[in-house]
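Peer 1: Data: query_20.pdb, PDB, C-alpha atoms, pLDDT in the B column.
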MODEL        1
ATOM      1  CA  MET Q   1       0.000   0.000   0.000  1.00 40.00           C
ATOM      2  CA  ILE Q   2       1.230   3.477  -0.848  1.00 46.00           C
ATOM      3  CA  SER Q   3       1.809   5.814   2.055  1.00 49.00           C
ATOM      4  CA  ILE Q   4       0.623   9.327   1.347  1.00 50.00           C
ATOM      5  CA  GLU Q   5       2.352  12.105   3.205  1.00 51.00           C
ATOM      6  CA  VAL Q   6       1.028  15.490   2.287  1.00 50.00           C
ATOM      7  CA  ASN Q   7       3.112  18.585   2.859  1.00 45.00           C
ATOM      8  CA  ARG Q   8       1.830  20.063   6.129  1.00 50.00           C
ATOM      9  CA  MET Q   9       2.792  23.581   5.126  1.00 50.00           C
ATOM     10  CA  ASP Q  10       0.648  25.848   3.000  1.00 65.00           C
ATOM     11  CA  LYS Q  11       3.342  26.201   0.330  1.00 77.00           C
ATOM     12  CA  PHE Q  12       3.238  24.583  -3.073  1.00 80.00           C
ATOM     13  CA  SER Q  13       6.122  22.272  -3.911  1.00 87.00           C
ATOM     14  CA  ILE Q  14       6.939  19.764  -6.616  1.00 90.00           C
ATOM     15  CA  ASN Q  15       7.009  17.110  -3.882  1.00 90.00           C
ATOM     16  CA  PHE Q  16       3.406  17.951  -2.989  1.00 90.00           C
ATOM     17  CA  TYR Q  17       2.473  17.901  -6.687  1.00 92.00           C
ATOM     18  CA  VAL Q  18       3.898  14.417  -7.272  1.00 94.00           C
ATOM     19  CA  GLN Q  19       2.408  13.022  -4.047  1.00 93.00           C
ATOM     20  CA  ALA Q  20      -0.986  14.520  -4.878  1.00 93.00           C
ATOM     21  CA  VAL Q  21      -1.022  13.143  -8.437  1.00 95.00           C
ATOM     22  CA  PHE Q  22      -0.104   9.627  -7.338  1.00 95.00           C
ATOM     23  CA  GLY Q  23      -2.310   9.830  -4.256  1.00 95.00           C
ATOM     24  CA  ILE Q  24      -5.409  10.968  -6.116  1.00 95.00           C
ATOM     25  CA  MET Q  25      -4.888   8.598  -9.027  1.00 94.00           C
ATOM     26  CA  GLY Q  26      -3.994   5.605  -6.875  1.00 94.00           C
ATOM     27  CA  HIS Q  27      -6.057   5.953  -3.713  1.00 95.00           C
ATOM     28  CA  PRO Q  28      -8.371   8.985  -3.864  1.00 96.00           C
ATOM     29  CA  ARG Q  29     -10.351   8.075  -0.742  1.00 95.00           C
ATOM     30  CA  LYS Q  30      -7.226   7.655   1.327  1.00 96.00           C
ATOM     31  CA  PHE Q  31      -5.645  10.792  -0.116  1.00 95.00           C
ATOM     32  CA  PHE Q  32      -8.601  13.040   0.678  1.00 94.00           C
ATOM     33  CA  SER Q  33      -9.051  11.463   4.108  1.00 93.00           C
ATOM     34  CA  GLN Q  34      -5.419  12.293   4.921  1.00 92.00           C
ATOM     35  CA  LEU Q  35      -5.426  15.767   3.385  1.00 88.00           C
ATOM     36  CA  PRO Q  36      -4.701  18.101   6.291  1.00 84.00           C
ATOM     37  CA  PRO Q  37      -7.338  20.737   7.029  1.00 77.00           C
ATOM     38  CA  SER Q  38      -4.593  23.361   6.939  1.00 70.00           C
ATOM     39  CA  SER Q  39      -3.762  22.724   3.285  1.00 71.00           C
ATOM     40  CA  GLY Q  40      -4.575  26.025   1.741  1.00 74.00           C
ATOM     41  CA  MET Q  41      -5.009  28.054  -1.363  1.00 86.00           C
ATOM     42  CA  SER Q  42      -1.374  28.215  -2.509  1.00 88.00           C
ATOM     43  CA  GLN Q  43      -0.975  24.416  -2.671  1.00 91.00           C
ATOM     44  CA  ALA Q  44      -4.227  23.912  -4.558  1.00 92.00           C
ATOM     45  CA  LEU Q  45      -3.703  26.877  -6.871  1.00 94.00           C
ATOM     46  CA  GLY Q  46      -0.112  25.874  -7.607  1.00 94.00           C
ATOM     47  CA  PHE Q  47      -1.239  22.331  -8.370  1.00 95.00           C
ATOM     48  CA  LEU Q  48      -4.000  23.581 -10.661  1.00 96.00           C
ATOM     49  CA  ILE Q  49      -1.797  26.073 -12.510  1.00 96.00           C
ATOM     50  CA  LEU Q  50       0.986  23.554 -13.129  1.00 96.00           C
ATOM     51  CA  SER Q  51      -1.533  21.025 -14.439  1.00 96.00           C
ATOM     52  CA  ALA Q  52      -3.232  23.697 -16.556  1.00 96.00           C
ATOM     53  CA  VAL Q  53       0.111  24.752 -18.072  1.00 95.00           C
ATOM     54  CA  PHE Q  54       0.762  21.129 -19.019  1.00 94.00           C
ATOM     55  CA  PHE Q  55      -2.787  20.791 -20.377  1.00 94.00           C
ATOM     56  CA  SER Q  56      -2.614  23.933 -22.506  1.00 91.00           C
ATOM     57  CA  THR Q  57       0.877  23.129 -23.793  1.00 90.00           C
ATOM     58  CA  ALA Q  58       0.206  19.466 -24.567  1.00 89.00           C
ATOM     59  CA  GLY Q  59      -3.119  20.320 -26.153  1.00 84.00           C
ATOM     60  CA  GLN Q  60      -1.322  22.415 -28.747  1.00 84.00           C
ATOM     61  CA  MET Q  61       0.918  19.547 -29.872  1.00 80.00           C
ATOM     62  CA  HIS Q  62      -1.737  17.890 -32.009  1.00 73.00           C
ATOM     63  CA  THR Q  63      -2.833  21.096 -33.709  1.00 72.00           C
ATOM     64  CA  ASN Q  64      -1.207  23.159 -36.409  1.00 69.00           C
ATOM     65  CA  LEU Q  65      -2.033  26.625 -35.189  1.00 70.00           C
ATOM     66  CA  GLN Q  66      -0.020  29.695 -35.995  1.00 78.00           C
ATOM     67  CA  ASN Q  67      -1.350  31.435 -32.884  1.00 78.00           C
ATOM     68  CA  PHE Q  68      -0.527  28.650 -30.462  1.00 81.00           C
ATOM     69  CA  LEU Q  69       0.380  31.097 -27.664  1.00 82.00           C
ATOM     70  CA  VAL Q  70      -2.979  32.822 -27.898  1.00 85.00           C
ATOM     71  CA  VAL Q  71      -4.938  29.568 -28.076  1.00 85.00           C
ATOM     72  CA  GLY Q  72      -2.787  28.025 -25.329  1.00 85.00           C
ATOM     73  CA  GLY Q  73      -3.398  31.089 -23.159  1.00 89.00           C
ATOM     74  CA  ILE Q  74      -7.134  30.788 -23.709  1.00 90.00           C
ATOM     75  CA  HIS Q  75      -7.011  27.108 -22.734  1.00 90.00           C
ATOM     76  CA  LEU Q  76      -4.951  27.955 -19.641  1.00 94.00           C
ATOM     77  CA  PHE Q  77      -7.328  30.731 -18.591  1.00 96.00           C
ATOM     78  CA  ASN Q  78     -10.341  28.483 -19.208  1.00 94.00           C
ATOM     79  CA  ALA Q  79      -8.867  25.558 -17.255  1.00 95.00           C
ATOM     80  CA  VAL Q  80      -8.114  27.689 -14.190  1.00 96.00           C
ATOM     81  CA  GLY Q  81     -11.137  29.977 -14.461  1.00 96.00           C
ATOM     82  CA  MET Q  82     -13.637  27.145 -14.738  1.00 95.00           C
ATOM     83  CA  VAL Q  83     -12.399  25.697 -11.437  1.00 97.00           C
ATOM     84  CA  PHE Q  84     -12.965  29.039  -9.722  1.00 96.00           C
ATOM     85  CA  ILE Q  85     -16.448  29.307 -11.224  1.00 95.00           C
ATOM     86  CA  LEU Q  86     -17.488  25.757 -10.323  1.00 96.00           C
ATOM     87  CA  ALA Q  87     -15.959  25.907  -6.823  1.00 96.00           C
ATOM     88  CA  GLY Q  88     -17.680  29.243  -6.194  1.00 96.00           C
ATOM     89  CA  LEU Q  89     -20.957  27.883  -7.475  1.00 96.00           C
ATOM     90  CA  GLY Q  90     -20.546  24.758  -5.327  1.00 96.00           C
ATOM     91  CA  TYR Q  91     -19.804  26.905  -2.278  1.00 97.00           C
ATOM     92  CA  VAL Q  92     -22.892  29.072  -2.809  1.00 96.00           C
ATOM     93  CA  VAL Q  93     -25.082  25.990  -3.356  1.00 96.00           C
ATOM     94  CA  MET Q  94     -23.619  24.330  -0.247  1.00 96.00           C
ATOM     95  CA  THR Q  95     -24.171  27.424   1.876  1.00 95.00           C
ATOM     96  CA  LEU Q  96     -27.744  27.958   0.678  1.00 95.00           C
ATOM     97  CA  SER Q  97     -28.859  24.314   0.714  1.00 93.00           C
ATOM     98  CA  ILE Q  98     -27.191  22.571   3.656  1.00 92.00           C
ATOM     99  CA  GLY Q  99     -25.487  25.442   5.436  1.00 88.00           C
ATOM    100  CA  LYS Q 100     -21.800  26.254   5.523  1.00 84.00           C
ATOM    101  CA  LYS Q 101     -19.962  23.045   6.329  1.00 83.00           C
ATOM    102  CA  VAL Q 102     -16.472  23.997   5.106  1.00 92.00           C
ATOM    103  CA  GLY Q 103     -14.741  27.169   4.001  1.00 92.00           C
ATOM    104  CA  PHE Q 104     -14.292  28.213   0.404  1.00 94.00           C
ATOM    105  CA  VAL Q 105     -10.529  27.574   0.490  1.00 93.00           C
ATOM    106  CA  ARG Q 106     -11.065  23.941   1.468  1.00 94.00           C
ATOM    107  CA  LEU Q 107     -13.769  23.380  -1.145  1.00 95.00           C
ATOM    108  CA  PHE Q 108     -11.698  25.144  -3.795  1.00 96.00           C
ATOM    109  CA  GLY Q 109      -8.773  22.892  -2.886  1.00 94.00           C
ATOM    110  CA  ILE Q 110     -10.856  19.808  -3.588  1.00 96.00           C
ATOM    111  CA  TYR Q 111     -12.064  21.171  -6.939  1.00 97.00           C
ATOM    112  CA  ALA Q 112      -8.544  22.305  -7.906  1.00 96.00           C
ATOM    113  CA  LEU Q 113      -6.845  19.019  -7.030  1.00 96.00           C
ATOM    114  CA  CYS Q 114      -9.464  16.914  -8.827  1.00 97.00           C
ATOM    115  CA  SER Q 115      -9.536  19.143 -11.885  1.00 97.00           C
ATOM    116  CA  GLY Q 116      -5.741  19.344 -11.967  1.00 96.00           C
ATOM    117  CA  VAL Q 117      -5.351  15.574 -12.062  1.00 97.00           C
ATOM    118  CA  THR Q 118      -7.848  15.196 -14.885  1.00 96.00           C
ATOM    119  CA  LEU Q 119      -6.202  18.013 -16.860  1.00 95.00           C
ATOM    120  CA  LEU Q 120      -3.106  15.836 -17.143  1.00 94.00           C
ATOM    121  CA  VAL Q 121      -4.929  13.483 -19.512  1.00 93.00           C
ATOM    122  CA  SER Q 122      -7.904  15.477 -20.808  1.00 91.00           C
ATOM    123  CA  TRP Q 123      -5.829  17.249 -23.475  1.00 88.00           C
ATOM    124  CA  VAL Q 124      -5.975  14.067 -25.548  1.00 87.00           C
ATOM    125  CA  PRO Q 125      -8.735  14.484 -28.165  1.00 83.00           C
ATOM    126  CA  HIS Q 126     -12.065  12.901 -27.189  1.00 85.00           C
ATOM    127  CA  LEU Q 127     -10.740  11.774 -23.797  1.00 89.00           C
ATOM    128  CA  ALA Q 128     -12.826  14.462 -22.073  1.00 83.00           C
ATOM    129  CA  LEU Q 129     -15.750  12.051 -22.424  1.00 89.00           C
ATOM    130  CA  LEU Q 130     -14.010   9.881 -19.817  1.00 93.00           C
ATOM    131  CA  THR Q 131     -12.160  12.457 -17.744  1.00 93.00           C
ATOM    132  CA  GLU Q 132     -15.157  14.687 -17.013  1.00 93.00           C
ATOM    133  CA  PRO Q 133     -17.171  11.978 -15.186  1.00 94.00           C
ATOM    134  CA  TRP Q 134     -13.960  10.878 -13.489  1.00 96.00           C
ATOM    135  CA  LYS Q 135     -13.352  14.468 -12.292  1.00 96.00           C
ATOM    136  CA  TRP Q 136     -16.828  14.635 -10.768  1.00 96.00           C
ATOM    137  CA  TYR Q 137     -16.339  11.262  -9.075  1.00 97.00           C
ATOM    138  CA  LEU Q 138     -13.104  12.624  -7.577  1.00 97.00           C
ATOM    139  CA  ILE Q 139     -14.812  15.859  -6.484  1.00 97.00           C
ATOM    140  CA  GLY Q 140     -17.562  13.846  -4.798  1.00 97.00           C
ATOM    141  CA  THR Q 141     -14.952  11.677  -3.090  1.00 97.00           C
ATOM    142  CA  GLY Q 142     -13.065  14.781  -1.985  1.00 96.00           C
ATOM    143  CA  MET Q 143     -16.233  16.377  -0.614  1.00 96.00           C
ATOM    144  CA  THR Q 144     -17.117  13.281   1.407  1.00 96.00           C
ATOM    145  CA  ARG Q 145     -13.620  12.288   2.554  1.00 95.00           C
ATOM    146  CA  GLY Q 146     -11.900  15.659   2.698  1.00 92.00           C
ATOM    147  CA  CYS Q 147     -14.744  17.983   3.694  1.00 92.00           C
ATOM    148  CA  GLY Q 148     -16.799  15.627   5.843  1.00 92.00           C
ATOM    149  CA  LEU Q 149     -19.972  15.943   3.786  1.00 95.00           C
ATOM    150  CA  LYS Q 150     -22.413  13.084   3.500  1.00 95.00           C
ATOM    151  CA  LEU Q 151     -22.718  11.447   0.093  1.00 96.00           C
ATOM    152  CA  LYS Q 152     -26.248  12.803  -0.311  1.00 96.00           C
ATOM    153  CA  GLU Q 153     -25.050  16.350   0.449  1.00 96.00           C
ATOM    154  CA  ALA Q 154     -22.150  16.096  -2.002  1.00 96.00           C
ATOM    155  CA  LEU Q 155     -24.418  14.747  -4.747  1.00 97.00           C
ATOM    156  CA  LEU Q 156     -26.943  17.528  -4.113  1.00 96.00           C
ATOM    157  CA  ILE Q 157     -24.264  20.217  -4.316  1.00 96.00           C
ATOM    158  CA  MET Q 158     -22.787  18.775  -7.496  1.00 96.00           C
ATOM    159  CA  ALA Q 159     -26.162  18.228  -9.188  1.00 96.00           C
ATOM    160  CA  ILE Q 160     -27.469  21.725  -8.474  1.00 96.00           C
ATOM    161  CA  SER Q 161     -24.132  23.339  -9.385  1.00 95.00           C
ATOM    162  CA  LEU Q 162     -23.933  21.490 -12.686  1.00 94.00           C
ATOM    163  CA  GLY Q 163     -27.575  22.287 -13.430  1.00 95.00           C
ATOM    164  CA  ILE Q 164     -27.020  26.003 -12.875  1.00 95.00           C
ATOM    165  CA  TRP Q 165     -23.785  25.912 -14.880  1.00 94.00           C
ATOM    166  CA  TYR Q 166     -25.530  24.124 -17.763  1.00 94.00           C
ATOM    167  CA  LEU Q 167     -28.492  26.530 -17.809  1.00 95.00           C
ATOM    168  CA  PHE Q 168     -26.192  29.556 -17.652  1.00 93.00           C
ATOM    169  CA  PHE Q 169     -24.100  28.461 -20.628  1.00 90.00           C
ATOM    170  CA  ARG Q 170     -27.169  27.368 -22.530  1.00 93.00           C
ATOM    171  CA  ALA Q 171     -28.626  30.867 -22.074  1.00 94.00           C
ATOM    172  CA  ILE Q 172     -25.351  32.462 -23.205  1.00 93.00           C
ATOM    173  CA  ILE Q 173     -25.292  30.300 -26.348  1.00 93.00           C
ATOM    174  CA  ALA Q 174     -28.930  31.155 -27.088  1.00 92.00           C
ATOM    175  CA  ILE Q 175     -28.110  34.870 -26.835  1.00 93.00           C
ATOM    176  CA  ILE Q 176     -25.075  34.523 -29.093  1.00 91.00           C
ATOM    177  CA  ILE Q 177     -26.914  32.514 -31.761  1.00 89.00           C
ATOM    178  CA  ARG Q 178     -29.701  35.096 -32.149  1.00 81.00           C
TER     179      ARG Q 178
ENDMDL
END
Kindly return the structure encoded in the file as structure tokens.
Peer 2:
Amino acid sequence: MISIEVNRMDKFSINFYVQAVFGIMGHPRKFFSQLPPSSGMSQALGFLILSAVFFSTAGQMHTNLQNFLVVGGIHLFNAVGMVFILAGLGYVVMTLSIGKKVGFVRLFGIYALCSGVTLLVSWVPHLALLTEPWKWYLIGTGMTRGCGLKLKEALLIMAISLGIWYLFFRAIIAIIIR
């Protein structure tokens, strides 16, 4: 069995990155159960940004774009920004539906770690069909094991958040198409 030792400090390090990748991919329940409550924003954000840089760079390898820096920058901004949007939406839904159980930094950390791991493979064309459900499984596992939410609460938060996200983007597309 793999022993997971998470950096107890709030600083991002390559050691934390490697341990988190192998921990989440190998034993997500154990990893999130052992994730210290003090792990903060800089670890999660550093993890997400490094994964997003890899995602946006690797995603450009199979394309023949002249503006690869612009497109890569858009992918990087989207990868990081979407985590902030979904974590914020999840936090609002959690607060309004079941009451505040954990702080935003903790919930963001779960979203960032889960999204960061899936970004490492989701740059491969058509693999998003597999990595997106996997990401949401990991987020649910992180909410139950790392935030202490019940499975029903985590599913409620994720379902309502995704519903709002879907309706919002559907409305934006409808406005653009007109």
Peer 1: Tell me which residues the PyMOL selection byres ((chain Q and resi 105) around 9) grabs here, as a PyMOL selection string.
Peer 2: chain Q and resi 39-41+44+102-104+106-110
Peer 1: Just to be explicit: take each residue in the selection above, keep C-alpha atoms, and write the result as a tab-separated table (two decimals), in the coordinates of the input.
Peer 2:
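The resulting file, result38.tsv, is shown below:
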chain	number	residue	atom	x	y	z
Q	39	SER	CA	-3.76	22.72	3.28
Q	40	GLY	CA	-4.58	26.02	1.74
Q	41	MET	CA	-5.01	28.05	-1.36
Q	44	ALA	CA	-4.23	23.91	-4.56
Q	102	VAL	CA	-16.47	24.00	5.11
Q	103	GLY	CA	-14.74	27.17	4.00
Q	104	PHE	CA	-14.29	28.21	0.40
Q	106	ARG	CA	-11.06	23.94	1.47
Q	107	LEU	CA	-13.77	23.38	-1.14
Q	108	PHE	CA	-11.70	25.14	-3.80
Q	109	GLY	CA	-8.77	22.89	-2.89
Q	110	ILE	CA	-10.86	19.81	-3.59
Peer 1: Counting all atoms listed in the file, which of Q:Ala52, Q:Ile157, Q:Leu149, Q:Leu69 gets nearest to Q:Val92?
Peer 2: Q:Ile157
Peer 1: Assuming the chain letters and numbering stay as they are in my file, what does the PyMOL selection byres ((chain Q and resi 113) around 10) actually select? List them as a list of chain:residue names.
Peer 2: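 Output of the PyMOL selection byres ((chain Q and resi 113) around 10): Q:Tyr17, Q:Ala20, Q:Val21, Q:Ile24, Q:Phe32, Q:Gln43, Q:Ala44, Q:Leu45, Q:Gly46, Q:Phe47, Q:Leu48, Q:Ser51, Q:Val83, Q:Phe108, Q:Gly109, Q:Ile110, Q:Tyr111, Q:Ala112, Q:Cys114, Q:Ser115, Q:Gly116, Q:Val117, Q:Thr118, Q:Leu119, Q:Lys135, Q:Leu138, Q:Ile139, Q:Gly142.
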Peer 1: Need the neighbours of (-7.5, 11.5, -1.7): which residues are at most 9 Å away, counting only C-alpha atoms, as a JSON list (two decimals) with C-alpha atoms, keeping the file's coordinate frame?
Peer 2:
[["chain", "number", "residue", "atom", "x", "y", "z"],
["Q", 4, "ILE", "CA", 0.62, 9.33, 1.35],
["Q", 20, "ALA", "CA", -0.99, 14.52, -4.88],
["Q", 23, "GLY", "CA", -2.31, 9.83, -4.26],
["Q", 24, "ILE", "CA", -5.41, 10.97, -6.12],
["Q", 25, "MET", "CA", -4.89, 8.60, -9.03],
["Q", 26, "GLY", "CA", -3.99, 5.60, -6.88],
["Q", 27, "HIS", "CA", -6.06, 5.95, -3.71],
["Q", 28, "PRO", "CA", -8.37, 8.98, -3.86],
["Q", 29, "ARG", "CA", -10.35, 8.07, -0.74],
["Q", 30, "LYS", "CA", -7.23, 7.66, 1.33],
["Q", 31, "PHE", "CA", -5.64, 10.79, -0.12],
["Q", 32, "PHE", "CA", -8.60, 13.04, 0.68],
["Q", 33, "SER", "CA", -9.05, 11.46, 4.11],
["Q", 34, "GLN", "CA", -5.42, 12.29, 4.92],
["Q", 35, "LEU", "CA", -5.43, 15.77, 3.38],
["Q", 138, "LEU", "CA", -13.10, 12.62, -7.58],
["Q", 141, "THR", "CA", -14.95, 11.68, -3.09],
["Q", 142, "GLY", "CA", -13.06, 14.78, -1.98],
["Q", 145, "ARG", "CA", -13.62, 12.29, 2.55],
["Q", 146, "GLY", "CA", -11.90, 15.66, 2.70]]
Peer 1: Just want the 10 Å neighbourhood of Q:His62, counted on all atoms listed in the file, with same-chain residues fewer than 4 positions away dropped. Output as a list in words.
Peer 2: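 So, after excluding close chain neighbours, the residues are Ala58, Trp123, Val124 and Pro125 of chain Q.
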Peer 1: Using all atoms listed in the file, which protein or nucleic acid residues come within 9 Å of Q:Ser122? Drop anything in the same chain fewer than 3 positions from it, and give the result as a list in words.
Peer 2: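 The neighbour list is Phe55, Gly59, Thr118, Leu119, Pro125, His126, Leu127, Ala128, Leu129, Leu130, Thr131 and Glu132 of chain Q.
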Peer 1: For Q:Gly99, which residue out of Q:Gly73, Q:Pro133, Q:Glu153, Q:Ile160 is the nearest one, using all atoms listed in the file?
Peer 2: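 Nearest to Q:Gly99: Q:Glu153.
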Peer 1: Which residue out of Q:Ile177, Q:Gly148, Q:Gly72, Q:Ala154 has the minimum interatomic distance to Q:Ser97 when only C-alpha atoms are used?
Peer 2: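 Of all the options, Q:Ala154 lies closest to Q:Ser97.
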Peer 1: Between atom CA of Q:Ser42 and atom CA of Q:Ser13, what is the distance in Å, rounded to a tenth?
Peer 2: 9.7 Å
Peer 1: Between atom CA of Q:Asn15 and atom CA of Q:Val53, what is the distance in Å, rounded to a tenth?
Peer 2: 17.5 Å
Peer 1: Work out where the centre of an axis-aligned box around every listed atom of stretch 18-33 of chain Q lies and how long its edges are once 8 Å is added on each side; give both in Å to one decimal as JSON.
Peer 2:
{"center_x": -3.2, "center_y": 10.1, "center_z": -2.5, "size_x": 30.2, "size_y": 24.9, "size_z": 29.1}
Peer 1: How far is it from atom CA of Q:Leu86 to atom CA of Q:Lys100, in Å with one decimal?
Peer 2: 16.4 Å
Peer 1: Find the spatial neighbours of Q:Lys152, counting all atoms listed in the file, within a cut-off of 12 Å - ignore same-chain residues fewer than 5 positions away - and output them as an mmCIF file with C-alpha atoms, keeping the file's coordinate frame.
Peer 2:
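Printed below is result02.cif as written:
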data_model
loop_
_atom_site.group_PDB
_atom_site.id
_atom_site.type_symbol
_atom_site.label_atom_id
_atom_site.label_comp_id
_atom_site.auth_asym_id
_atom_site.auth_seq_id
_atom_site.Cartn_x
_atom_site.Cartn_y
_atom_site.Cartn_z
ATOM 1 C CA MET Q 94 -23.619 24.330 -0.247
ATOM 2 C CA SER Q 97 -28.859 24.314 0.714
ATOM 3 C CA ILE Q 98 -27.191 22.571 3.656
ATOM 4 C CA GLY Q 140 -17.562 13.846 -4.798
ATOM 5 C CA THR Q 141 -14.952 11.677 -3.090
ATOM 6 C CA MET Q 143 -16.233 16.377 -0.614
ATOM 7 C CA THR Q 144 -17.117 13.281 1.407
ATOM 8 C CA ILE Q 157 -24.264 20.217 -4.316
ATOM 9 C CA MET Q 158 -22.787 18.775 -7.496
ATOM 10 C CA ALA Q 159 -26.162 18.228 -9.188
#
Peer 1: Compare Q:Ala171, Q:Leu162, Q:Val18, Q:Leu50 by their minimum atom-to-atom distance to Q:Val80, counting only C-alpha atoms, and give me the closest one.
Peer 2: Q:Leu50
